[in-house]
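Q: My structure is below; once you've seen it, I'll send some questions.
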Amino acid sequence: MRVTLLFNPGAGRGDGSADELRRVIEAAGHQVEVRRTSKSGVAGALREPGELVAVAGGDGTVGRVMKLLAGGSVPMTILPAGTANNIATSLGIFGDAARIVASWSRGEVRRVDVWLARGPWGETRFVESAGVGLLGHLIHPEVGDELEGTEEARAEARRASRTLPARERRVELDGRDLSGAYLLLEAMNIRCAGPNLWLAGQARAGDGKLEIVRALERDRPSLVALADAFGTSRATLPTERGSRLRFWCTAEELHVDDEHGTELGGWKGEAEVEVSIGDMHVDVLL
């Protein structure tokens with residue numbers, strides 16, 4: 001295949017491996033063009049993408065590539081190189097680069113849905129999750145900018161799961177009222193989010209449904225246990241499957257993938273946010 005390798009030097013494992021990855025891909029019989037890029041430069045790097053786009057980066061870069069390739073005919077794959085690697089983990093892509101590249105010839109192509117979040121700022125696509133509560137807290141500029149990596153984020157998640165106040169919130173899923181005092185509300189397209197917090201073990205990224213994960217005040221012990229475990233246990237929080245979620249929140253509480261509500265164009269007071277299936281998907285070689 002003609003492979004375009006997008007390499008993010010700023011990803012969790014650092015620079016220095018682009019040439020090695022090129023050699024691994026060429027050794028498997030493929031033609032490869034390496035394009036180094038940051039998260040903000042992904043669109044330019046995807047011009048003339050070849051027959052397969054291989055992304056060596058973290059969830060931010062991988063998610064942006066997915067959203068940009070959605071609706072097109074070129075598939076992509078992942079060479080995990082970030083700190084959390086939630087998307088790759090959820091899709092079952094793991095191991096060293098040589099092993100992953102060798103598996104391309106026998107791998108399956110899976111459809112991954114790209115969802116839409118709509119609110120006062122307009123419309124934003126997402127691949128991982130959108131919601132309010134614990135994960136929104138972790139990427140809030142006043143919190144997230146102080147966290148240096150996955151371990152610091154996990155420590156903050158453990159602390160916040162015990163101390164974060166529950167907020168009374170109006171929530172509707174496919175017309176059903178799920179309002180209550182929420183610690184966490186996440187519309188999950190994949191299985192884990194944030195600093196490898198395994199929230200939705202039954203999520204299937206290409207089935208046209210979201211796994212709605214809910215933690216109310218009464219679920220705090222389960223949320224604490226989940227934050228303490230990080231990847232060693234499966235989700236024990238209440239979940240609902242659906243295709244259209246509506247909730248009301250402030251910009252300070254919201255996140256859509258790795259973007260905080262204040263970065264989407266903050267607004268005053270509470271407003272409605274709607275999450276629903278879009279008309280696009282991306283094909284991922286597993």
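How things are named: the first chain in the structure tokens is A, the next is B, and so on; residues count from 1 in each chain; ligands count from 1 in the order shown.
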How close does each residue of segment 151-212 of chain A get to segment 81-86 of chain A, giving the shortest atom pair and distance in Å to one decimal for every residue with an atom at most 9 Å away, counting only C-alpha atoms, sorted by chain and residue number, as JSON lines?
A:
```
{"residue": "A:Ile190", "atom": "CA", "partner": "A:Asn86", "partner_atom": "CA", "distance": 8.0}
{"residue": "A:Arg191", "atom": "CA", "partner": "A:Asn86", "partner_atom": "CA", "distance": 7.7}
{"residue": "A:Cys192", "atom": "CA", "partner": "A:Asn86", "partner_atom": "CA", "distance": 5.6}
{"residue": "A:Ala193", "atom": "CA", "partner": "A:Asn86", "partner_atom": "CA", "distance": 5.8}
{"residue": "A:Gly194", "atom": "CA", "partner": "A:Ala84", "partner_atom": "CA", "distance": 7.4}
{"residue": "A:Pro195", "atom": "CA", "partner": "A:Ala84", "partner_atom": "CA", "distance": 5.7}
{"residue": "A:Asn196", "atom": "CA", "partner": "A:Ala84", "partner_atom": "CA", "distance": 5.7}
{"residue": "A:Leu197", "atom": "CA", "partner": "A:Asn86", "partner_atom": "CA", "distance": 8.7}
{"residue": "A:Trp198", "atom": "CA", "partner": "A:Asn86", "partner_atom": "CA", "distance": 9.0}
```
Q: Please list as a ChimeraX atom specification every residue within 12 Å of Glu20 of chain A, counting only C-alpha atoms and excluding residues in the same chain fewer than 2 positions away.
A: /A:5,7,15-18,22-27,32,34,56,96-98
Q: Report as a ChimeraX atom specification all protein, DNA and RNA residues lying within 9 Å of Leu68 of chain A, evaluated on only C-alpha atoms, omitting residues in the same chain fewer than 2 positions from it.
A: /A:42-43,46,63-66,70-72,282
Q: Find the residues near Leu6 of chain A: any atom within 10 Å, counting only C-alpha atoms, skip ones fewer than 4 places away on the same chain, and give them as a ChimeraX atom specification.
A: /A:18,33-38,42,45-46,49,53-57,61-62,65,78-79
Q: Take the residues from that selection and put them in a file with N, CA and C atoms, as a compact mmCIF listing (two decimals), in the first residue's frame.
A:
```txt
# COMPACT_ATOMS: atom_id res chain seq x y z
N ALA A 18 10.39 8.41 14.23
CA ALA A 18 9.77 8.50 12.90
C ALA A 18 10.53 7.68 11.88
N GLU A 33 5.32 7.61 3.15
CA GLU A 33 5.75 9.00 3.22
C GLU A 33 5.50 9.50 4.63
N VAL A 34 6.54 9.98 5.29
CA VAL A 34 6.44 10.46 6.66
C VAL A 34 6.12 11.95 6.66
N ARG A 35 5.10 12.33 7.41
CA ARG A 35 4.75 13.74 7.56
C ARG A 35 4.66 14.05 9.05
N ARG A 36 5.60 14.83 9.54
CA ARG A 36 5.58 15.24 10.94
C ARG A 36 4.56 16.34 11.12
N THR A 37 3.80 16.26 12.20
CA THR A 37 2.73 17.24 12.38
C THR A 37 2.41 17.40 13.86
N SER A 38 1.86 18.53 14.21
CA SER A 38 1.27 18.75 15.52
C SER A 38 -0.24 18.55 15.39
N VAL A 42 -2.81 18.93 11.49
CA VAL A 42 -3.23 17.66 10.90
C VAL A 42 -3.87 17.84 9.54
N ALA A 45 -1.47 18.07 6.73
CA ALA A 45 -0.70 16.84 6.54
C ALA A 45 -1.51 15.76 5.84
N LEU A 46 -2.83 15.94 5.77
CA LEU A 46 -3.68 14.92 5.16
C LEU A 46 -3.95 15.17 3.67
N PRO A 49 -3.56 11.74 0.85
CA PRO A 49 -3.25 10.80 1.94
C PRO A 49 -2.82 9.41 1.50
N VAL A 53 -3.76 5.89 5.92
CA VAL A 53 -3.14 6.87 6.81
C VAL A 53 -2.83 6.17 8.13
N ALA A 54 -1.57 6.14 8.50
CA ALA A 54 -1.14 5.56 9.78
C ALA A 54 -0.78 6.71 10.71
N VAL A 55 -1.38 6.74 11.89
CA VAL A 55 -1.19 7.85 12.82
C VAL A 55 -0.36 7.37 14.01
N ALA A 56 0.81 7.96 14.16
CA ALA A 56 1.65 7.70 15.33
C ALA A 56 1.54 8.91 16.24
N GLY A 57 0.64 8.83 17.20
CA GLY A 57 0.39 9.96 18.08
C GLY A 57 -0.57 9.56 19.18
N THR A 61 -4.33 13.72 18.40
CA THR A 61 -4.01 13.64 16.98
C THR A 61 -4.87 12.59 16.29
N VAL A 62 -5.02 11.43 16.90
CA VAL A 62 -5.82 10.36 16.31
C VAL A 62 -7.25 10.82 16.09
N VAL A 65 -7.57 13.25 13.15
CA VAL A 65 -7.47 12.55 11.87
C VAL A 65 -8.79 11.85 11.55
N ILE A 78 -3.76 3.05 13.53
CA ILE A 78 -3.11 3.73 14.65
C ILE A 78 -1.86 2.98 15.06
N LEU A 79 -0.78 3.72 15.28
CA LEU A 79 0.42 3.22 15.94
C LEU A 79 0.50 3.99 17.26
```
Q: Residues at most 9 Å from Phe247 of chain A, counting only C-alpha atoms, excluding those fewer than 3 positions away in the same chain, as a CSV table (one decimal) with C-alpha atoms, in the first residue's frame?
A:
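Okay, this is what ended up in result.csv:
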```csv
chain,number,residue,atom,x,y,z
A,131,GLY,CA,-20.2,15.1,28.8
A,169,ARG,CA,-29.1,18.4,36.1
A,170,ARG,CA,-31.8,18.0,33.5
A,171,VAL,CA,-31.0,15.1,31.3
A,172,GLU,CA,-33.1,13.4,28.5
A,173,LEU,CA,-32.1,10.3,26.5
A,179,SER,CA,-32.6,14.0,35.5
A,271,ALA,CA,-27.8,26.0,28.0
A,272,GLU,CA,-28.9,22.9,26.2
A,273,VAL,CA,-26.4,20.6,24.6
A,274,GLU,CA,-27.5,17.9,22.3
A,275,VAL,CA,-25.5,14.8,21.3
```
Q: Residues at most 10 Å from Met280 of chain A, counting only C-alpha atoms, excluding those fewer than 4 positions away in the same chain, as a PDB file with N, CA and C atoms, in the first residue's frame?
A:
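New file selection09.pdb:
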```
ATOM      1  N   LYS A  67     -11.802  12.631  12.478  1.00  0.00           N
ATOM      2  CA  LYS A  67     -12.842  13.592  12.108  1.00  0.00           C
ATOM      3  C   LYS A  67     -12.605  14.171  10.723  1.00  0.00           C
ATOM      4  N   LEU A  69     -10.971  12.593   8.200  1.00  0.00           N
ATOM      5  CA  LEU A  69     -11.147  11.548   7.193  1.00  0.00           C
ATOM      6  C   LEU A  69     -12.589  11.055   7.096  1.00  0.00           C
ATOM      7  N   ALA A  70     -13.415  11.394   8.078  1.00  0.00           N
ATOM      8  CA  ALA A  70     -14.799  10.916   8.094  1.00  0.00           C
ATOM      9  C   ALA A  70     -15.521  11.338   6.818  1.00  0.00           C
ATOM     10  N   GLY A  71     -16.240  10.400   6.254  1.00  0.00           N
ATOM     11  CA  GLY A  71     -16.973  10.663   5.036  1.00  0.00           C
ATOM     12  C   GLY A  71     -16.183  10.416   3.770  1.00  0.00           C
ATOM     13  N   GLY A  72     -14.892  10.148   3.901  1.00  0.00           N
ATOM     14  CA  GLY A  72     -14.047   9.876   2.751  1.00  0.00           C
ATOM     15  C   GLY A  72     -13.860   8.386   2.526  1.00  0.00           C
ATOM     16  N   ARG A 111     -15.799   0.098  10.959  1.00  0.00           N
ATOM     17  CA  ARG A 111     -16.414   1.420  10.897  1.00  0.00           C
ATOM     18  C   ARG A 111     -16.444   2.033  12.294  1.00  0.00           C
ATOM     19  N   VAL A 112     -16.013   3.277  12.407  1.00  0.00           N
ATOM     20  CA  VAL A 112     -16.087   4.030  13.666  1.00  0.00           C
ATOM     21  C   VAL A 112     -16.957   5.251  13.433  1.00  0.00           C
ATOM     22  N   ASP A 113     -18.034   5.359  14.193  1.00  0.00           N
ATOM     23  CA  ASP A 113     -18.943   6.493  14.048  1.00  0.00           C
ATOM     24  C   ASP A 113     -18.289   7.788  14.514  1.00  0.00           C
ATOM     25  N   VAL A 114     -18.653   8.875  13.871  1.00  0.00           N
ATOM     26  CA  VAL A 114     -18.267  10.217  14.301  1.00  0.00           C
ATOM     27  C   VAL A 114     -19.548  10.929  14.698  1.00  0.00           C
ATOM     28  N   TRP A 115     -19.637  11.344  15.960  1.00  0.00           N
ATOM     29  CA  TRP A 115     -20.861  11.912  16.523  1.00  0.00           C
ATOM     30  C   TRP A 115     -20.804  13.438  16.526  1.00  0.00           C
ATOM     31  N   LEU A 116     -21.951  14.044  16.804  1.00  0.00           N
ATOM     32  CA  LEU A 116     -22.067  15.499  16.817  1.00  0.00           C
ATOM     33  C   LEU A 116     -22.550  15.994  18.173  1.00  0.00           C
ATOM     34  N   ARG A 125     -17.797  17.872  16.017  1.00  0.00           N
ATOM     35  CA  ARG A 125     -17.726  16.419  15.908  1.00  0.00           C
ATOM     36  C   ARG A 125     -16.886  15.852  17.053  1.00  0.00           C
TER      37      ARG A 125
END
```
